[in-house]
>>> print(open('structure28.cif').read())   # mmCIF, C-alpha atoms and all ligand atoms
data_input
#
loop_
_atom_site.label_atom_id
_atom_site.label_comp_id
_atom_site.auth_asym_id
_atom_site.auth_seq_id
_atom_site.Cartn_x
_atom_site.Cartn_y
_atom_site.Cartn_z
CA MET A 1 241.38 68.77 155.90
CA ALA A 2 242.70 68.98 152.35
CA ALA A 3 240.48 70.31 149.58
CA HIS A 4 240.40 67.02 147.70
CA ALA A 5 239.37 65.18 150.86
CA LEU A 6 236.54 67.65 151.39
CA ASP A 7 235.36 67.07 147.85
CA TYR A 8 235.45 63.36 148.44
CA ASP A 9 233.19 63.58 151.52
CA VAL A 10 230.72 65.81 149.71
CA GLN A 11 230.72 63.50 146.71
CA LEU A 12 230.09 60.52 148.96
CA MET A 13 227.19 62.27 150.67
CA LEU A 14 225.70 63.33 147.34
CA ARG A 15 225.87 59.70 146.22
CA VAL A 16 224.12 58.67 149.43
CA LYS A 17 221.49 61.28 148.63
CA ALA A 18 221.12 59.77 145.15
CA GLY A 19 220.41 56.38 146.69
CA ASP A 20 223.85 54.76 146.77
CA THR A 21 223.66 53.84 150.44
CA SER A 22 226.91 51.87 150.34
CA CYS A 23 228.71 55.25 150.29
CA PHE A 24 227.28 55.89 153.73
CA GLY A 25 229.42 53.03 155.03
CA VAL A 26 232.50 54.77 153.63
CA LEU A 27 231.54 58.06 155.31
CA LEU A 28 230.95 56.18 158.55
CA GLU A 29 234.41 54.61 158.44
CA ARG A 30 236.07 57.93 157.63
CA HIS A 31 234.38 59.96 160.38
CA ARG A 32 233.37 57.48 163.07
CA HIS A 33 236.57 57.89 165.11
CA PRO A 34 236.75 61.70 165.18
CA VAL A 35 233.04 62.00 165.99
CA ILE A 36 233.24 59.49 168.85
CA HIS A 37 236.44 61.08 170.17
CA PHE A 38 234.91 64.55 170.09
CA LEU A 39 231.77 63.37 171.83
CA TYR A 40 233.75 61.39 174.38
CA ARG A 41 235.79 64.45 175.30
CA MET A 42 232.63 66.55 175.44
CA VAL A 43 230.54 64.25 177.67
CA GLN A 44 233.42 62.23 179.20
CA ASN A 45 231.43 59.02 179.21
CA HIS A 46 232.24 56.37 176.61
CA ALA A 47 228.83 54.68 176.47
CA VAL A 48 227.04 58.02 176.13
CA ALA A 49 229.55 59.18 173.49
CA GLU A 50 228.87 56.08 171.39
CA GLU A 51 225.13 56.44 171.77
CA LEU A 52 225.33 60.08 170.69
CA ALA A 53 227.65 59.20 167.80
CA GLN A 54 225.06 56.73 166.59
CA ASP A 55 222.44 59.47 166.81
CA VAL A 56 224.73 61.69 164.72
CA PHE A 57 225.04 59.13 161.93
CA LEU A 58 221.34 58.29 162.11
CA ARG A 59 220.55 61.97 161.62
CA VAL A 60 222.98 62.24 158.75
CA PHE A 61 221.35 59.29 157.04
CA ARG A 62 217.83 60.56 157.75
CA SER A 63 218.73 63.97 156.31
CA ARG A 64 220.29 62.59 153.13
CA ALA A 65 217.35 63.62 150.95
CA SER A 66 217.64 67.27 151.97
CA TYR A 67 221.46 67.38 151.99
CA GLU A 68 222.93 70.34 150.11
CA ALA A 69 226.66 70.63 149.51
CA THR A 70 226.79 74.20 150.78
CA ALA A 71 229.43 73.65 153.45
CA LYS A 72 232.19 71.23 154.35
CA PHE A 73 230.74 67.84 155.22
CA THR A 74 232.66 67.87 158.51
CA THR A 75 231.13 71.23 159.41
CA TRP A 76 227.66 69.74 159.04
CA LEU A 77 228.70 66.55 160.85
CA PHE A 78 230.22 68.38 163.82
CA ARG A 79 227.28 70.77 163.97
CA ILE A 80 225.00 67.79 164.53
CA ALA A 81 227.46 66.23 167.01
CA THR A 82 227.87 69.48 168.96
CA HIS A 83 224.14 70.07 169.05
CA LEU A 84 223.53 66.59 170.47
CA ALA A 85 226.38 66.88 172.98
CA LEU A 86 225.22 70.29 174.24
CA ASN A 87 221.66 68.99 174.60
CA TRP A 88 222.87 65.94 176.48
CA LEU A 89 225.04 68.03 178.80
CA ARG A 90 222.13 70.33 179.57
CA ASP A 91 219.86 67.40 180.33
CA ALA A 92 222.56 65.63 182.33
CA LYS A 93 222.96 68.48 184.78
CA LYS A 94 220.17 66.95 186.81
CA ASP A 95 221.33 63.47 186.01
CA ARG A 96 223.16 60.97 188.15
CA VAL A 97 226.03 60.69 185.67
CA GLN A 98 226.89 64.33 186.06
CA ASP A 99 226.42 64.11 189.82
CA SER A 100 228.94 61.30 190.05
CA LEU A 101 231.44 63.29 187.98
CA ASP A 102 230.98 66.24 190.32
CA ALA A 103 231.45 63.96 193.32
CA GLU A 104 234.66 62.62 191.79
CA SER A 105 235.87 66.18 191.35
CA SER A 106 235.22 67.11 194.97
CA ASP A 107 236.67 63.85 196.31
CA ALA A 108 239.81 64.03 194.17
CA PRO A 109 243.16 64.64 195.86
CA ALA A 110 244.53 68.17 195.93
CA LEU A 111 246.51 69.30 192.86
CA GLN A 112 250.21 68.57 193.11
CA LEU A 113 251.41 72.15 192.93
CA ALA A 114 254.88 71.21 194.12
CA ASP A 115 255.55 69.00 191.09
CA ARG A 116 257.53 71.22 188.71
CA ASN A 117 259.04 68.60 186.39
CA PRO A 118 259.30 70.32 182.98
CA ASN A 119 258.74 67.20 180.87
CA VAL A 120 254.95 67.00 180.87
CA GLU A 121 254.65 64.29 178.22
CA GLN A 122 256.68 61.80 180.26
CA HIS A 123 254.08 62.03 182.98
CA MET A 124 250.99 61.71 180.83
CA VAL A 125 250.84 58.04 181.70
CA SER A 126 249.84 59.06 185.19
CA GLY A 127 246.15 58.57 185.84
CA THR A 128 246.11 61.50 188.22
CA ARG A 129 247.41 63.86 185.59
CA LEU A 130 244.96 62.59 183.01
CA GLU A 131 242.24 63.10 185.56
CA GLU A 132 243.40 66.69 186.03
CA ILE A 133 243.30 67.31 182.28
CA ARG A 134 239.87 65.71 182.04
CA ARG A 135 238.60 67.87 184.88
CA ALA A 136 240.16 71.00 183.44
CA ILE A 137 238.28 70.41 180.17
CA ALA A 138 235.09 69.51 182.04
CA SER A 139 235.34 72.74 184.01
CA LEU A 140 235.05 74.81 180.85
CA PRO A 141 231.63 76.17 179.90
CA GLU A 142 230.17 73.86 177.26
CA LYS A 143 230.65 76.10 174.22
CA GLN A 144 234.23 76.90 175.22
CA ARG A 145 234.82 73.18 175.61
CA ALA A 146 233.42 72.43 172.16
CA ALA A 147 235.49 75.22 170.62
CA VAL A 148 238.72 74.02 172.25
CA LEU A 149 238.15 70.40 171.26
CA MET A 150 237.51 71.33 167.63
CA HIS A 151 240.48 73.70 167.59
CA LYS A 152 242.94 71.39 169.31
CA TYR A 153 241.96 67.89 168.22
CA GLU A 154 240.16 68.47 164.89
CA GLU A 155 242.53 71.30 163.92
CA MET A 156 239.61 73.37 162.66
CA GLU A 157 240.02 76.99 161.59
CA TYR A 158 238.13 79.72 163.45
CA SER A 159 235.79 80.11 160.47
CA GLN A 160 234.81 76.44 160.51
CA ILE A 161 234.29 76.39 164.28
CA ALA A 162 232.10 79.48 163.85
CA LYS A 163 229.96 77.63 161.30
CA VAL A 164 229.68 74.59 163.56
CA LEU A 165 228.67 76.68 166.58
CA CYS A 166 226.50 79.01 164.46
CA CYS A 167 228.27 82.14 165.72
CA SER A 168 230.71 84.75 164.43
CA GLU A 169 234.45 84.24 164.11
CA SER A 170 234.87 86.97 166.68
CA ALA A 171 232.73 84.98 169.12
CA VAL A 172 234.87 81.90 168.48
CA LYS A 173 238.03 83.89 169.19
CA SER A 174 236.47 85.05 172.42
CA LEU A 175 235.51 81.49 173.40
CA LEU A 176 238.99 80.16 172.62
CA PHE A 177 240.74 83.06 174.32
CA ARG A 178 238.85 82.53 177.58
CA ALA A 179 239.13 78.74 177.38
CA TYR A 180 242.90 78.75 176.89
CA GLU A 181 243.36 81.35 179.63
CA THR A 182 241.53 78.95 181.98
CA LEU A 183 243.46 75.91 180.78
CA ARG A 184 246.82 77.64 181.19
CA ALA A 185 245.85 78.65 184.72
CA ARG A 186 244.69 75.13 185.59
CA LEU A 187 247.32 73.09 183.80
CA ALA A 188 250.41 75.32 184.02
CA HIS A 189 251.39 73.67 187.30
CA MET A 190 251.96 70.43 185.42
CA ALA A 191 255.06 71.89 183.78
CA MET B 1 256.02 95.02 166.54
CA ASN B 2 253.79 95.74 169.55
CA CYS B 3 253.89 93.06 172.19
CA PRO B 4 251.10 90.62 171.22
CA SER B 5 250.66 89.41 174.79
CA LYS B 6 248.99 92.73 175.65
CA THR B 7 245.86 92.20 173.56
CA ARG B 8 243.29 89.43 173.11
CA ASN B 9 243.97 89.02 169.39
CA GLY B 10 247.70 89.11 170.02
CA ARG B 11 247.43 86.36 172.64
CA LEU B 12 245.38 84.30 170.19
CA ARG B 13 248.16 84.75 167.63
CA LEU B 14 250.61 83.43 170.20
CA ILE B 15 248.31 80.46 170.87
CA GLU B 16 248.22 79.71 167.13
CA PHE B 17 252.00 80.02 167.09
CA ALA B 18 252.19 77.47 169.93
CA THR B 19 250.02 75.00 167.96
CA GLY B 20 252.65 75.03 165.19
CA ARG B 21 249.92 75.77 162.65
CA ALA B 22 250.72 79.48 162.18
CA ARG B 23 251.69 80.58 158.68
CA ALA B 24 255.40 80.78 157.91
CA MET B 25 255.61 84.60 157.87
CA GLU B 26 253.62 84.92 161.07
CA ARG B 27 255.77 82.25 162.67
CA MET B 28 259.00 84.05 161.83
CA GLU B 29 257.66 87.39 163.02
CA LEU B 30 256.43 86.03 166.36
CA GLN B 31 259.53 83.95 166.95
CA PHE B 32 261.67 87.02 166.35
CA HIS B 33 259.61 89.00 168.86
CA ALA B 34 259.41 86.23 171.48
CA ASP B 35 263.19 85.80 171.43
CA SER B 36 263.46 89.21 173.07
CA CYS B 37 260.15 89.31 175.03
CA PRO B 38 259.91 87.25 178.24
CA ALA B 39 256.12 87.79 178.51
CA CYS B 40 255.42 86.33 175.06
CA ARG B 41 257.97 83.57 175.52
CA SER B 42 256.33 82.60 178.81
CA LEU B 43 252.85 82.54 177.26
CA ILE B 44 254.06 80.41 174.35
CA ASP B 45 255.80 77.98 176.71
CA GLU B 46 252.73 77.66 178.92
CA GLN B 47 250.47 77.18 175.92
CA ARG B 48 252.76 74.48 174.56
CA GLN B 49 252.57 72.73 177.93
CA VAL B 50 248.79 72.86 177.77
CA PHE B 51 248.82 71.37 174.26
CA ALA B 52 251.28 68.68 175.35
CA ALA B 53 249.00 67.83 178.26
CA LEU B 54 245.96 67.66 175.95
CA ASP B 55 247.92 65.42 173.54
CA GLY B 56 248.26 62.95 176.40
CA TRP B 57 244.50 62.54 176.61
CA ASP B 58 243.76 59.72 174.20
CA ALA B 59 240.15 59.02 173.47
CA VAL B 60 239.21 55.37 173.78
CA ALA B 61 238.66 53.36 170.61
CA PRO B 62 235.10 52.79 169.43
CA SER B 63 233.61 49.55 170.64
CA ARG B 64 233.77 46.62 168.22
CA ASP B 65 230.04 46.40 167.78
CA PHE B 66 229.53 50.12 167.10
CA ASN B 67 228.60 49.54 163.44
CA ARG B 68 226.43 46.53 164.25
CA LYS B 69 224.48 48.54 166.83
CA LEU B 70 224.14 51.44 164.41
CA TYR B 71 222.80 49.25 161.61
CA ALA B 72 220.44 47.59 164.08
CA ARG B 73 219.06 51.05 164.84
CA PHE B 74 218.67 51.70 161.09
CA GLU B 75 216.79 48.43 160.81
CA LEU B 76 214.56 49.21 163.78
CA GLU B 77 213.82 52.67 162.44
CA ALA B 78 212.96 51.30 159.00
CA ASN B 79 210.65 48.72 160.57
CA ARG B 80 209.01 51.43 162.66
CA SER B 81 208.33 53.62 159.64
CA TRP B 82 206.95 50.59 157.80
CA PHE B 83 204.78 49.77 160.80
CA ARG B 84 203.55 53.37 161.00
CA ARG B 85 202.43 53.21 157.38
CA PHE B 86 200.48 50.06 158.11
CA GLN B 87 199.04 51.68 161.20
CA GLN B 88 197.76 54.61 159.16
CA VAL B 89 195.98 52.24 156.78
CA PHE B 90 194.19 50.54 159.66
CA GLU B 91 193.58 53.60 161.80
CA HIS B 92 190.42 54.74 160.04
CA PRO B 93 188.09 51.75 160.46
CA ALA B 94 187.01 52.13 164.06
CA TRP B 95 185.92 48.51 164.37
CA ILE B 96 189.52 47.23 164.04
CA GLY B 97 191.37 47.31 167.34
CA ARG B 98 195.11 47.79 167.34
CA SER B 99 195.64 44.27 168.59
CA SER B 100 193.87 42.99 165.47
CA TYR B 101 196.64 44.09 163.07
CA PRO B 102 198.49 40.78 163.00
CA LEU B 103 195.23 38.90 162.49
CA ALA B 104 194.14 41.26 159.75
CA ILE B 105 197.48 41.03 157.98
CA ALA B 106 197.48 37.26 158.33
CA ALA B 107 194.01 37.13 156.79
CA VAL B 108 195.13 39.27 153.86
CA LEU B 109 198.17 37.04 153.39
CA VAL B 110 196.16 33.83 153.47
CA VAL B 111 193.74 35.19 150.87
CA GLY B 112 196.66 36.24 148.69
CA PHE B 113 198.35 32.89 149.13
CA PHE B 114 195.29 30.86 148.21
CA ALA B 115 194.67 33.08 145.22
CA GLY B 116 197.50 31.04 143.68
CA ASP B 117 200.08 33.75 143.34
CA ALA B 118 201.71 33.73 146.77
CA SER B 119 205.19 34.46 145.54
CA ARG B 120 204.32 37.63 143.66
CA PHE B 121 201.89 38.71 146.35
CA ILE B 122 204.42 38.46 149.19
CA THR B 123 207.12 40.10 147.11
CA ARG B 124 204.79 43.00 146.43
CA TRP B 125 203.79 43.20 150.09
CA ARG B 126 207.42 43.17 151.23
CA GLY B 127 208.14 45.89 148.72
CA ILE B 128 206.66 48.36 151.22
CA VAL B 129 209.83 48.00 153.29
CA PRO B 130 212.29 50.77 152.28
CA ALA B 131 215.27 49.51 150.30
CA THR B 132 217.69 51.59 152.38
CA THR B 133 217.50 49.78 155.69
CA ALA B 134 221.11 48.54 155.70
CA PRO B 135 223.39 50.88 153.77
CA ALA B 136 226.38 48.60 153.42
CA ALA B 137 224.39 45.43 152.90
CA ALA B 138 224.48 43.41 149.71
CA PRO B 139 221.50 43.88 147.38
CA ALA B 140 218.49 41.75 148.22
CA THR B 141 218.25 38.50 146.30
CA VAL B 142 215.05 36.86 145.11
CA GLN B 143 214.07 34.13 147.57
CA ASP B 144 211.85 31.14 146.99
CA PRO B 145 208.17 31.52 148.01
CA THR B 146 208.57 29.36 151.13
CA ALA B 147 211.43 31.48 152.43
CA GLN B 148 209.43 34.60 151.67
CA LEU B 149 206.45 33.24 153.54
CA ILE B 150 208.67 32.42 156.55
CA GLN B 151 210.05 35.96 156.37
CA ALA B 152 206.54 37.36 156.17
CA LEU B 153 205.54 35.37 159.26
CA ASP B 154 208.64 36.67 161.07
CA ASP B 155 207.56 40.17 160.17
CA LEU B 156 204.12 39.42 161.53
CA GLN B 157 205.72 38.27 164.77
CA LEU B 158 207.66 41.54 164.87
CA LEU B 159 204.44 43.49 164.39
CA ASP B 160 202.88 41.53 167.19
CA GLN B 161 205.82 42.30 169.48
CA ILE B 162 205.71 46.01 168.63
CA ASP B 163 201.98 46.00 169.28
CA SER B 164 202.35 44.38 172.70
CA VAL B 165 205.16 46.78 173.63
CA LYS B 166 202.97 49.72 172.64
CA HIS B 167 200.17 48.36 174.82
CA ARG B 168 202.53 47.93 177.74
CA VAL B 169 203.78 51.50 177.32
CA HIS B 170 200.20 52.73 177.07
CA ARG B 171 199.23 50.82 180.24
CA SER B 172 202.23 52.14 182.17
CA ARG B 173 201.42 55.73 181.12
CA THR B 174 197.77 55.46 182.12
CA ARG B 175 198.46 53.60 185.37
CA PRO B 176 197.63 55.82 188.40
CA LEU B 177 200.65 56.85 190.49
ZN ZN A 201 255.83 90.39 173.74
#
>>> encode(input="structure28.cif", output="structure tokens")
Amino acid sequence: MAAHALDYDVQLMLRVKAGDTSCFGVLLERHRHPVIHFLYRMVQNHAVAEELAQDVFLRVFRSRASYEATAKFTTWLFRIATHLALNWLRDAKKDRVQDSLDAESSDAPALQLADRNPNVEQHMVSGTRLEEIRRAIASLPEKQRAAVLMHKYEEMEYSQIAKVLCCSESAVKSLLFRAYETLRARLAHMA
Amino acid sequence: MNCPSKTRNGRLRLIEFATGRARAMERMELQFHADSCPACRSLIDEQRQVFAALDGWDAVAPSRDFNRKLYARFELEANRSWFRRFQQVFEHPAWIGRSSYPLAIAAVLVVGFFAGDASRFITRWRGIVPATTAPAAAPATVQDPTAQLIQALDDLQLLDQIDSVKHRVHRSRTRPL
């Protein structure tokens, strides 16, 4: 995100803190989509993703009085989103939603290893392939998944991902390294 | 240049290269190396395939009523905090049961109304509600006393509903299994 855009988010949040709650609506419009998309890819359930996204924005609004512009607004926002997603995923391990996802995985047809068409994008319309991608992401340990989603879709730097996940840059590199090794192994056959 | 595919950091550099976000100098250096290194070229190709696959995974659009639901939760939360404050006021006198809140509030309202200054009284009473319940909403306008009284009665009804829900929850928690 460009520096001026960062400043704009922080300025908006500081105005929310000062009592100008209309600025919260602007922040919501600017960040609603990325937050929902991130949560959707984390939990892979649209209704849950929206519920969690609402929790994220509720928490942001609740915390307005104590907000300090010490970091990028998006770092703070995604820290809350990641925290909620990881908590939900932990709780859902015993849950029926997760069970049904697991059942889908075990009932799914075998991977089409023989398909060696090099133009992957042409085939992305295929539900089976999307399902494979979805399952490949779901197979990643939760922190690796969060790191990959922020790196790939939010185009975050290692340093920002480290701040979101409250770990070192070295730990982020390790998470991304292992995650992409797994994804290449699982998705390389699609090429 | 040592082959980057042999180390973890080197492989991460190749991954960054495959994203297209590597810095210009780094990009040139890696491209120059990969042109003559099958291992690095293979890793870059595979990584690009992974990114292309991930690009094909579109997240669904937010539902149309996302904002409405969110603001409804703001409203509910604000009402809850307002209710909690009222609850604290009435918690100390032991002779007032929880189910008496609406009656007690109604009594206070009636007294205030018949004191001849209903409008100011209700406005002051409603002033307890935080002003930040709906962030994008237009500023509140001054209503006539009748409308305010209707609003106050609606709020009383809400209190009553919250009270009955709390009782139901309490009953269900204390019910033997
Ligand atoms: Zn090499």
>>> residues_near_ligand(input="structure28.cif", ligand="ligand ZN 201 (chain A)", cutoff="12 Å", atoms="only C-alpha atoms and all ligand atoms", output="list in words")
Met1, Asn2, Cys3, Pro4, Ser5, Lys6, Thr7, Gly10, Arg11, Arg13, Leu14, Glu29, Leu30, Gln31, Phe32, His33, Ala34, Asp35, Ser36, Cys37, Pro38, Ala39, Cys40, Arg41, Ser42, Leu43 and Ile44 of chain B
>>> interface_residues(input="structure28.cif", of="chain A", to="chain B", cutoff="7 Å", atoms="all atoms listed in the file", output="ChimeraX atom specification")
/A:21-22,24-25,33,36-37,40,54,120-121,124,130,133,177,183-184,187-188,191
>>> atom_distance(input="structure28.cif", atom1="atom CA of Ala69 of chain A", atom2="atom CA of Gln144 of chain A")
27.5 Å
>>> atom_distance(input="structure28.cif", atom1="atom CA of Pro141 of chain A", atom2="atom CA of Leu84 of chain A")
15.7 Å
>>> atom_distance(input="structure28.cif", atom1="atom CA of Arg41 of chain A", atom2="atom CA of Arg59 of chain A")
20.6 Å
>>> residues_near_point(input="structure28.cif", point="(230.1, 62.9, 178.1)", cutoff="10 Å", atoms="all atoms listed in the file", output="NGL selection string")
:A and (38-50 or 52 or 85-86 or 88-89 or 92 or 97-98 or 101 or 138)
>>> write_last_selection(input="structure28.cif", atoms="C-alpha atoms", output="compact mmCIF listing (two decimals), keeping the file's coordinate frame")
# COMPACT_ATOMS: atom_id res chain seq x y z
CA PHE A 38 234.91 64.55 170.09
CA LEU A 39 231.77 63.37 171.83
CA TYR A 40 233.75 61.39 174.38
CA ARG A 41 235.79 64.45 175.30
CA MET A 42 232.63 66.55 175.44
CA VAL A 43 230.54 64.25 177.67
CA GLN A 44 233.42 62.23 179.20
CA ASN A 45 231.43 59.02 179.21
CA HIS A 46 232.24 56.37 176.61
CA ALA A 47 228.83 54.68 176.47
CA VAL A 48 227.04 58.02 176.13
CA ALA A 49 229.55 59.18 173.49
CA GLU A 50 228.87 56.08 171.39
CA LEU A 52 225.33 60.08 170.69
CA ALA A 85 226.38 66.88 172.98
CA LEU A 86 225.22 70.29 174.24
CA TRP A 88 222.87 65.94 176.48
CA LEU A 89 225.04 68.03 178.80
CA ALA A 92 222.56 65.63 182.33
CA VAL A 97 226.03 60.69 185.67
CA GLN A 98 226.89 64.33 186.06
CA LEU A 101 231.44 63.29 187.98
CA ALA A 138 235.09 69.51 182.04
